[in-house]
Amino acid sequence: MVNIFRQLFLEGGADRMDPIEAVALYYQYKDLAPIGTDGDRMLRRLADRLIAFDLLAPAGELLQHQVDYRLREPVARARIATDLAIVYLMDRRYEDATNLLRETRVAGLPQELVNERYLLQARAMVELGRHDQALELVEDNHTDAADRLRADVAWDLQDWPTAGRSLEVILGQRHQERRALSDSEQSDLIRAAIAYSLSGDVVSAIRLGERYGEAMAVTEQAAAFEVLTANDAMPGDVRLADMTGRIASIDTLDAFMEPFRARFNSNNDGS
């Protein structure tokens, strides 16, 4: 039975099962789970599968179980708590995410992990409307994710000049590459163009069109981007006002969480 349990939950046998059924089976026979690293890897594999299927609540319960009962080493516990905070953010549980990160804060964590935890806490603060606190937490963080958070804060606050510049910073030199634009990149371009237009920065809007017009022309956003980057696009334009209303309703959290979600999807070995 122990060998079958290991084959199912450590060697991938349960990957062919419905994820909810797999979790139910695990809990029914959880006494067969090994103590230590292998047992923790089993739980992580199950959590990864649940997250991949957007089953965030049961995934959170599995990770919470590790935080509460299985992990005693502070750094390992903080890592799993960080993963749980990611799940909470994807599940729109912002207060739970901030409380968890605060409760599992310990000295001696690797700097990379510390920065990530600050970044996640800052994102939760943004969703709770605490923009100043969020910006303080990532003041010295210059990663792509931190740049995106700053752009989202500027967008929320309708600081259009800063939003436009920040979104263009995220894109970097993307206009020099010939591969197709991703959905996220298209969204960033539309938002940057809107921000420049609303701030009256026609020069920047036109520059954006010159750099990305050809790549955007083959996307579903082509017509909108052309309007936004035309040299006659002005804040009072009815077309611009209509597009601004539609784009402003886009949930920026999904784009921010995309690389974090990808982490779980790639953890097929449970590491």
# chains A, B, ... in the order shown; residues from 1 in each chain; ligands from 1
$ residues_around --residues "region 93-108 of chain A" --least-positions-apart "4" --cutoff "7 Å" --atoms "only C-alpha atoms" --output "PDB file with N, CA, C and O atoms, in the first residue's frame"
ATOM      1  N   ALA A  78       8.613  29.368   5.247  1.00  0.00           N
ATOM      2  CA  ALA A  78       8.384  30.668   4.614  1.00  0.00           C
ATOM      3  C   ALA A  78       8.192  30.526   3.112  1.00  0.00           C
ATOM      4  O   ALA A  78       7.394  31.257   2.507  1.00  0.00           O
ATOM      5  N   ALA A  81       4.705  29.211   2.601  1.00  0.00           N
ATOM      6  CA  ALA A  81       3.783  30.296   2.926  1.00  0.00           C
ATOM      7  C   ALA A  81       3.730  31.321   1.797  1.00  0.00           C
ATOM      8  O   ALA A  81       2.670  31.889   1.510  1.00  0.00           O
ATOM      9  N   THR A  82       4.854  31.530   1.130  1.00  0.00           N
ATOM     10  CA  THR A  82       4.883  32.443  -0.013  1.00  0.00           C
ATOM     11  C   THR A  82       4.037  31.887  -1.147  1.00  0.00           C
ATOM     12  O   THR A  82       3.265  32.625  -1.784  1.00  0.00           O
ATOM     13  N   ALA A  85       0.498  32.430  -0.278  1.00  0.00           N
ATOM     14  CA  ALA A  85       0.114  33.829  -0.488  1.00  0.00           C
ATOM     15  C   ALA A  85      -0.209  34.089  -1.955  1.00  0.00           C
ATOM     16  O   ALA A  85      -1.128  34.850  -2.279  1.00  0.00           O
ATOM     17  N   TYR A  88      -3.648  32.783  -2.486  1.00  0.00           N
ATOM     18  CA  TYR A  88      -4.617  33.722  -1.913  1.00  0.00           C
ATOM     19  C   TYR A  88      -4.836  34.925  -2.834  1.00  0.00           C
ATOM     20  O   TYR A  88      -5.976  35.386  -3.010  1.00  0.00           O
ATOM     21  N   LEU A  89      -3.765  35.442  -3.404  1.00  0.00           N
ATOM     22  CA  LEU A  89      -3.903  36.585  -4.309  1.00  0.00           C
ATOM     23  C   LEU A  89      -4.707  36.205  -5.548  1.00  0.00           C
ATOM     24  O   LEU A  89      -5.572  36.960  -5.996  1.00  0.00           O
ATOM     25  N   ARG A 117       8.414  38.203  -1.319  1.00  0.00           N
ATOM     26  CA  ARG A 117       7.372  38.343  -0.307  1.00  0.00           C
ATOM     27  C   ARG A 117       6.916  39.800  -0.187  1.00  0.00           C
ATOM     28  O   ARG A 117       5.723  40.076  -0.052  1.00  0.00           O
ATOM     29  N   GLN A 121       3.145  41.141  -0.991  1.00  0.00           N
ATOM     30  CA  GLN A 121       2.432  41.944  -0.006  1.00  0.00           C
ATOM     31  C   GLN A 121       2.033  43.297  -0.609  1.00  0.00           C
ATOM     32  O   GLN A 121       0.930  43.798  -0.358  1.00  0.00           O
ATOM     33  N   ALA A 124      -1.033  42.868  -2.765  1.00  0.00           N
ATOM     34  CA  ALA A 124      -2.230  42.793  -1.938  1.00  0.00           C
ATOM     35  C   ALA A 124      -2.640  44.178  -1.453  1.00  0.00           C
ATOM     36  O   ALA A 124      -3.833  44.516  -1.414  1.00  0.00           O
ATOM     37  N   GLU A 127      -4.530  46.029  -4.154  1.00  0.00           N
ATOM     38  CA  GLU A 127      -5.914  45.587  -4.276  1.00  0.00           C
ATOM     39  C   GLU A 127      -6.776  46.095  -3.120  1.00  0.00           C
ATOM     40  O   GLU A 127      -7.994  46.225  -3.263  1.00  0.00           O
TER      41      GLU A 127
END
$ residues_around --residues "Val138 (chain A)" --least-positions-apart "5" --cutoff "7 Å" --atoms "only C-alpha atoms" --output "PDB file with N, CA, C and O atoms, in the first residue's frame"
ATOM      1  N   TYR A 118       7.876  40.730  -0.257  1.00  0.00           N
ATOM      2  CA  TYR A 118       7.511  42.155  -0.250  1.00  0.00           C
ATOM      3  C   TYR A 118       6.662  42.497  -1.476  1.00  0.00           C
ATOM      4  O   TYR A 118       5.698  43.275  -1.388  1.00  0.00           O
ATOM      5  N   LEU A 119       7.026  41.926  -2.607  1.00  0.00           N
ATOM      6  CA  LEU A 119       6.298  42.201  -3.843  1.00  0.00           C
ATOM      7  C   LEU A 119       4.856  41.710  -3.754  1.00  0.00           C
ATOM      8  O   LEU A 119       3.908  42.411  -4.130  1.00  0.00           O
ATOM      9  N   ALA A 146       7.910  44.276 -10.305  1.00  0.00           N
ATOM     10  CA  ALA A 146       7.793  45.530  -9.556  1.00  0.00           C
ATOM     11  C   ALA A 146       7.450  46.683 -10.487  1.00  0.00           C
ATOM     12  O   ALA A 146       6.657  47.568 -10.132  1.00  0.00           O
TER      13      ALA A 146
END
$ closest_atom_pairs --of "region 139-166 of chain A" --to "region 197-201 of chain A" --cutoff "9 Å" --atoms "only C-alpha atoms" --output "JSON lines"
{"residue": "A:Asp159", "atom": "CA", "partner": "A:Ser199", "partner_atom": "CA", "distance": 8.4}
{"residue": "A:Trp160", "atom": "CA", "partner": "A:Ser199", "partner_atom": "CA", "distance": 5.5}
{"residue": "A:Pro161", "atom": "CA", "partner": "A:Ser199", "partner_atom": "CA", "distance": 5.8}
{"residue": "A:Gly164", "atom": "CA", "partner": "A:Ser199", "partner_atom": "CA", "distance": 8.7}
$ residues_around --residues "region 15-24 of chain A" --least-positions-apart "3" --cutoff "12 Å" --atoms "only C-alpha atoms" --output "compact mmCIF listing (two decimals) with all heavy atoms, in the first residue's frame"
# COMPACT_ATOMS: atom_id res chain seq x y z
N PHE A 5 0.90 4.09 -2.84
CA PHE A 5 0.67 5.48 -2.47
C PHE A 5 1.78 6.37 -3.02
O PHE A 5 1.53 7.45 -3.57
CB PHE A 5 0.60 5.61 -0.94
CG PHE A 5 -0.02 6.89 -0.46
CD1 PHE A 5 -1.40 7.02 -0.38
CD2 PHE A 5 0.77 7.96 -0.06
CE1 PHE A 5 -1.98 8.20 0.07
CE2 PHE A 5 0.21 9.13 0.39
CZ PHE A 5 -1.17 9.26 0.46
N GLN A 7 3.69 5.66 -5.62
CA GLN A 7 3.58 5.68 -7.08
C GLN A 7 2.52 6.67 -7.54
O GLN A 7 2.69 7.38 -8.53
CB GLN A 7 3.27 4.27 -7.59
CG GLN A 7 3.42 4.08 -9.09
CD GLN A 7 2.20 4.53 -9.88
OE1 GLN A 7 1.07 4.43 -9.39
NE2 GLN A 7 2.41 5.05 -11.09
N LEU A 8 1.42 6.73 -6.78
CA LEU A 8 0.34 7.64 -7.15
C LEU A 8 0.71 9.10 -6.94
O LEU A 8 0.53 9.94 -7.83
CB LEU A 8 -0.91 7.31 -6.32
CG LEU A 8 -1.71 6.07 -6.72
CD1 LEU A 8 -2.78 5.78 -5.69
CD2 LEU A 8 -2.35 6.27 -8.10
N PHE A 9 1.25 9.42 -5.77
CA PHE A 9 1.37 10.82 -5.38
C PHE A 9 2.79 11.37 -5.44
O PHE A 9 2.99 12.57 -5.24
CB PHE A 9 0.80 11.01 -3.97
CG PHE A 9 -0.67 10.72 -3.91
CD1 PHE A 9 -1.15 9.57 -3.31
CD2 PHE A 9 -1.58 11.60 -4.48
CE1 PHE A 9 -2.50 9.30 -3.27
CE2 PHE A 9 -2.94 11.34 -4.44
CZ PHE A 9 -3.41 10.19 -3.84
N LEU A 10 3.75 10.52 -5.74
CA LEU A 10 5.12 11.02 -5.86
C LEU A 10 5.70 10.78 -7.25
O LEU A 10 6.55 11.53 -7.71
CB LEU A 10 6.01 10.36 -4.79
CG LEU A 10 7.34 11.05 -4.47
CD1 LEU A 10 7.11 12.48 -4.01
CD2 LEU A 10 8.10 10.26 -3.42
N GLU A 11 5.21 9.74 -7.91
CA GLU A 11 5.77 9.37 -9.21
C GLU A 11 4.81 9.65 -10.36
O GLU A 11 5.05 9.22 -11.49
CB GLU A 11 6.16 7.89 -9.19
CG GLU A 11 7.23 7.58 -8.13
CD GLU A 11 7.47 6.08 -7.96
OE1 GLU A 11 7.04 5.31 -8.85
OE2 GLU A 11 8.08 5.70 -6.96
N GLY A 12 3.72 10.35 -10.11
CA GLY A 12 2.86 10.82 -11.19
C GLY A 12 1.67 9.95 -11.53
O GLY A 12 0.92 10.29 -12.45
N TYR A 27 -6.39 12.20 1.17
CA TYR A 27 -6.82 12.39 2.54
C TYR A 27 -7.35 11.09 3.15
O TYR A 27 -7.20 10.85 4.36
CB TYR A 27 -7.89 13.48 2.62
CG TYR A 27 -7.31 14.87 2.66
CD1 TYR A 27 -7.66 15.82 1.71
CD2 TYR A 27 -6.41 15.24 3.65
CE1 TYR A 27 -7.12 17.11 1.73
CE2 TYR A 27 -5.87 16.52 3.69
CZ TYR A 27 -6.22 17.44 2.74
OH TYR A 27 -5.70 18.71 2.77
N GLN A 28 -7.96 10.23 2.32
CA GLN A 28 -8.49 8.97 2.84
C GLN A 28 -7.37 8.06 3.35
O GLN A 28 -7.55 7.33 4.33
CB GLN A 28 -9.29 8.25 1.74
CG GLN A 28 -9.99 6.99 2.22
CD GLN A 28 -10.85 6.36 1.14
OE1 GLN A 28 -10.98 6.90 0.04
NE2 GLN A 28 -11.47 5.23 1.45
N TYR A 29 -6.20 8.14 2.68
CA TYR A 29 -5.08 7.26 3.05
C TYR A 29 -3.84 8.07 3.43
O TYR A 29 -2.72 7.62 3.24
CB TYR A 29 -4.75 6.33 1.88
CG TYR A 29 -5.88 5.40 1.52
CD1 TYR A 29 -6.69 5.66 0.42
CD2 TYR A 29 -6.14 4.26 2.28
CE1 TYR A 29 -7.73 4.81 0.08
CE2 TYR A 29 -7.18 3.40 1.95
CZ TYR A 29 -7.98 3.69 0.85
OH TYR A 29 -9.03 2.84 0.53
N LYS A 30 -4.03 9.26 4.00
CA LYS A 30 -2.90 10.14 4.28
C LYS A 30 -1.91 9.57 5.29
O LYS A 30 -0.75 9.99 5.34
CB LYS A 30 -3.41 11.50 4.76
CG LYS A 30 -4.17 11.46 6.08
CD LYS A 30 -4.66 12.85 6.46
CE LYS A 30 -5.44 12.81 7.77
NZ LYS A 30 -5.93 14.17 8.13
N MET A 42 4.78 15.34 -2.10
CA MET A 42 3.45 14.82 -2.48
C MET A 42 2.40 15.92 -2.41
O MET A 42 1.61 16.11 -3.34
CB MET A 42 3.05 13.67 -1.55
CG MET A 42 3.74 12.36 -1.81
SD MET A 42 3.11 11.07 -0.71
CE MET A 42 4.08 9.67 -1.26
N LEU A 43 2.38 16.62 -1.28
CA LEU A 43 1.40 17.69 -1.10
C LEU A 43 1.61 18.79 -2.14
O LEU A 43 0.63 19.34 -2.67
CB LEU A 43 1.52 18.27 0.31
CG LEU A 43 0.92 17.43 1.44
CD1 LEU A 43 1.29 18.01 2.79
CD2 LEU A 43 -0.59 17.33 1.30
N ARG A 44 2.86 19.09 -2.45
CA ARG A 44 3.13 20.14 -3.42
C ARG A 44 2.65 19.73 -4.81
O ARG A 44 2.09 20.54 -5.55
CB ARG A 44 4.62 20.46 -3.44
CG ARG A 44 5.03 21.53 -4.43
CD ARG A 44 4.26 22.84 -4.21
NE ARG A 44 4.55 23.79 -5.26
CZ ARG A 44 5.48 24.72 -5.17
NH1 ARG A 44 6.20 24.83 -4.06
NH2 ARG A 44 5.69 25.55 -6.16
N ARG A 45 2.86 18.47 -5.18
CA ARG A 45 2.38 18.00 -6.49
C ARG A 45 0.87 18.13 -6.58
O ARG A 45 0.33 18.56 -7.61
CB ARG A 45 2.78 16.54 -6.71
CG ARG A 45 4.25 16.29 -7.04
CD ARG A 45 4.47 14.83 -7.39
NE ARG A 45 3.77 14.50 -8.63
CZ ARG A 45 4.36 14.45 -9.83
NH1 ARG A 45 5.64 14.70 -9.94
NH2 ARG A 45 3.67 14.14 -10.90
N LEU A 46 0.17 17.73 -5.52
CA LEU A 46 -1.28 17.84 -5.52
C LEU A 46 -1.73 19.30 -5.64
O LEU A 46 -2.64 19.63 -6.40
CB LEU A 46 -1.85 17.24 -4.23
CG LEU A 46 -2.02 15.72 -4.21
CD1 LEU A 46 -2.44 15.27 -2.80
CD2 LEU A 46 -3.06 15.27 -5.22
N ALA A 47 -1.07 20.17 -4.89
CA ALA A 47 -1.42 21.59 -4.93
C ALA A 47 -1.19 22.17 -6.33
O ALA A 47 -2.01 22.93 -6.85
CB ALA A 47 -0.60 22.37 -3.90
N ASP A 48 -0.08 21.78 -6.96
CA ASP A 48 0.21 22.26 -8.31
C ASP A 48 -0.88 21.87 -9.29
O ASP A 48 -1.31 22.68 -10.13
CB ASP A 48 1.56 21.70 -8.79
CG ASP A 48 2.74 22.31 -8.07
OD1 ASP A 48 2.53 23.29 -7.33
OD2 ASP A 48 3.87 21.81 -8.24
N ARG A 49 -1.36 20.64 -9.20
CA ARG A 49 -2.41 20.18 -10.11
C ARG A 49 -3.70 20.93 -9.88
O ARG A 49 -4.40 21.31 -10.82
CB ARG A 49 -2.66 18.67 -9.93
CG ARG A 49 -1.56 17.80 -10.52
CD ARG A 49 -2.11 16.44 -10.91
NE ARG A 49 -3.01 16.53 -12.04
CZ ARG A 49 -4.11 15.80 -12.19
NH1 ARG A 49 -4.46 14.95 -11.27
NH2 ARG A 49 -4.86 15.91 -13.26
N LEU A 50 -4.04 21.16 -8.62
CA LEU A 50 -5.26 21.89 -8.31
C LEU A 50 -5.21 23.31 -8.85
O LEU A 50 -6.18 23.82 -9.41
CB LEU A 50 -5.49 21.90 -6.79
CG LEU A 50 -5.86 20.55 -6.16
CD1 LEU A 50 -5.75 20.63 -4.65
CD2 LEU A 50 -7.27 20.13 -6.57
N ILE A 51 -4.06 23.96 -8.70
CA ILE A 51 -3.90 25.33 -9.19
C ILE A 51 -3.98 25.36 -10.70
O ILE A 51 -4.58 26.27 -11.29
CB ILE A 51 -2.57 25.93 -8.68
CG1 ILE A 51 -2.61 26.08 -7.16
CG2 ILE A 51 -2.30 27.28 -9.34
CD1 ILE A 51 -1.27 26.34 -6.53
N ALA A 52 -3.39 24.37 -11.35
CA ALA A 52 -3.45 24.31 -12.81
C ALA A 52 -4.89 24.23 -13.31
O ALA A 52 -5.21 24.74 -14.39
CB ALA A 52 -2.64 23.11 -13.33
N PHE A 53 -5.77 23.61 -12.51
CA PHE A 53 -7.20 23.51 -12.86
C PHE A 53 -8.02 24.64 -12.24
O PHE A 53 -9.24 24.61 -12.27
CB PHE A 53 -7.76 22.16 -12.43
CG PHE A 53 -7.40 21.02 -13.34
CD1 PHE A 53 -6.24 20.29 -13.15
CD2 PHE A 53 -8.22 20.70 -14.42
CE1 PHE A 53 -5.90 19.24 -14.00
CE2 PHE A 53 -7.89 19.66 -15.28
CZ PHE A 53 -6.73 18.93 -15.07
N ASP A 54 -7.33 25.63 -11.67
CA ASP A 54 -7.98 26.79 -11.05
C ASP A 54 -8.82 26.41 -9.84
O ASP A 54 -9.77 27.12 -9.49
CB ASP A 54 -8.84 27.54 -12.08
CG ASP A 54 -8.71 29.05 -11.94
OD1 ASP A 54 -7.67 29.51 -11.46
OD2 ASP A 54 -9.66 29.76 -12.29
N LEU A 55 -8.47 25.33 -9.20
CA LEU A 55 -9.15 24.89 -7.98
C LEU A 55 -8.36 25.46 -6.80
O LEU A 55 -7.61 24.75 -6.12
CB LEU A 55 -9.23 23.37 -7.94
CG LEU A 55 -10.04 22.75 -9.09
CD1 LEU A 55 -9.83 21.24 -9.16
CD2 LEU A 55 -11.52 23.08 -8.94
N LEU A 56 -8.53 26.74 -6.55
CA LEU A 56 -7.66 27.46 -5.64
C LEU A 56 -7.96 27.17 -4.17
O LEU A 56 -7.04 27.10 -3.34
CB LEU A 56 -7.76 28.96 -5.90
CG LEU A 56 -7.37 29.39 -7.32
CD1 LEU A 56 -7.58 30.89 -7.50
CD2 LEU A 56 -5.91 29.03 -7.62
N ALA A 57 -9.23 27.00 -3.82
CA ALA A 57 -9.58 26.76 -2.42
C ALA A 57 -8.96 25.47 -1.88
O ALA A 57 -8.29 25.48 -0.83
CB ALA A 57 -11.09 26.77 -2.24
N PRO A 58 -9.15 24.31 -2.56
CA PRO A 58 -8.52 23.09 -2.04
C PRO A 58 -7.00 23.14 -2.10
O PRO A 58 -6.31 22.57 -1.24
CB PRO A 58 -9.09 21.99 -2.93
CG PRO A 58 -9.61 22.67 -4.14
CD PRO A 58 -10.04 24.02 -3.70
N ALA A 59 -6.44 23.84 -3.11
CA ALA A 59 -4.98 23.99 -3.17
C ALA A 59 -4.49 24.77 -1.96
O ALA A 59 -3.47 24.42 -1.35
CB ALA A 59 -4.59 24.71 -4.46
N GLU A 61 -5.88 24.88 0.95
CA GLU A 61 -5.99 24.04 2.14
C GLU A 61 -4.78 23.11 2.27
O GLU A 61 -4.27 22.88 3.37
CB GLU A 61 -7.28 23.23 2.09
CG GLU A 61 -8.54 24.09 2.25
CD GLU A 61 -9.81 23.28 2.03
OE1 GLU A 61 -9.70 22.05 1.89
OE2 GLU A 61 -10.91 23.89 2.01
N LEU A 62 -4.33 22.56 1.13
CA LEU A 62 -3.16 21.68 1.16
C LEU A 62 -1.92 22.44 1.61
O LEU A 62 -1.14 21.96 2.45
CB LEU A 62 -2.93 21.07 -0.23
CG LEU A 62 -3.83 19.92 -0.65
CD1 LEU A 62 -3.55 19.55 -2.10
CD2 LEU A 62 -3.61 18.71 0.24
N ASN A 268 5.97 20.04 -12.34
CA ASN A 268 5.43 18.69 -12.50
C ASN A 268 6.24 17.64 -11.73
O ASN A 268 5.74 16.55 -11.48
CB ASN A 268 5.39 18.31 -13.98
CG ASN A 268 4.40 19.17 -14.75
OD1 ASN A 268 3.36 19.52 -14.23
ND2 ASN A 268 4.76 19.52 -15.97
N ASP A 269 7.47 17.98 -11.37
CA ASP A 269 8.27 17.01 -10.63
C ASP A 269 8.11 17.17 -9.13
O ASP A 269 8.74 16.47 -8.35
CB ASP A 269 9.74 17.10 -11.01
CG ASP A 269 10.33 18.47 -10.68
OD1 ASP A 269 9.56 19.36 -10.26
OD2 ASP A 269 11.55 18.65 -10.85
N GLY A 270 7.26 18.16 -8.74
CA GLY A 270 7.00 18.35 -7.31
C GLY A 270 8.12 19.01 -6.56
O GLY A 270 8.12 19.07 -5.34
$ closest_residue --among "A:Phe256, A:Asn265, A:Leu71, A:Val218" --to "Leu120 (chain A)" --atoms "only C-alpha atoms"
A:Phe256
$ atom_distance --atom1 "CA of Arg207 (chain A)" --atom2 "CA of Ala151 (chain A)"
18.9 Å
$ residues_around --residues "Gln66 (chain A)" --least-positions-apart "2" --cutoff "8 Å" --atoms "only C-alpha atoms" --output "PyMOL selection string"
chain A and resi 40+43+62-64+68-71+77+80
$ atom_distance --atom1 "CA of Arg72 (chain A)" --atom2 "CA of Arg6 (chain A)"
22.6 Å
$ select_by_dssp --residues "region 62-236 of chain A" --states "alpha helix (DSSP H)" --output "number ranges by chain"
A: 62-65, 74-90, 94-103, 111-127, 131-137, 144-156, 160-171, 183-198, 202-216, 222-228
$ residues_around --residues "Arg191 (chain A)" --least-positions-apart "4" --cutoff "8 Å" --atoms "only C-alpha atoms" --output "list in words"
Gly164, Leu167, Ser187, Ala195 and Ile247 of chain A
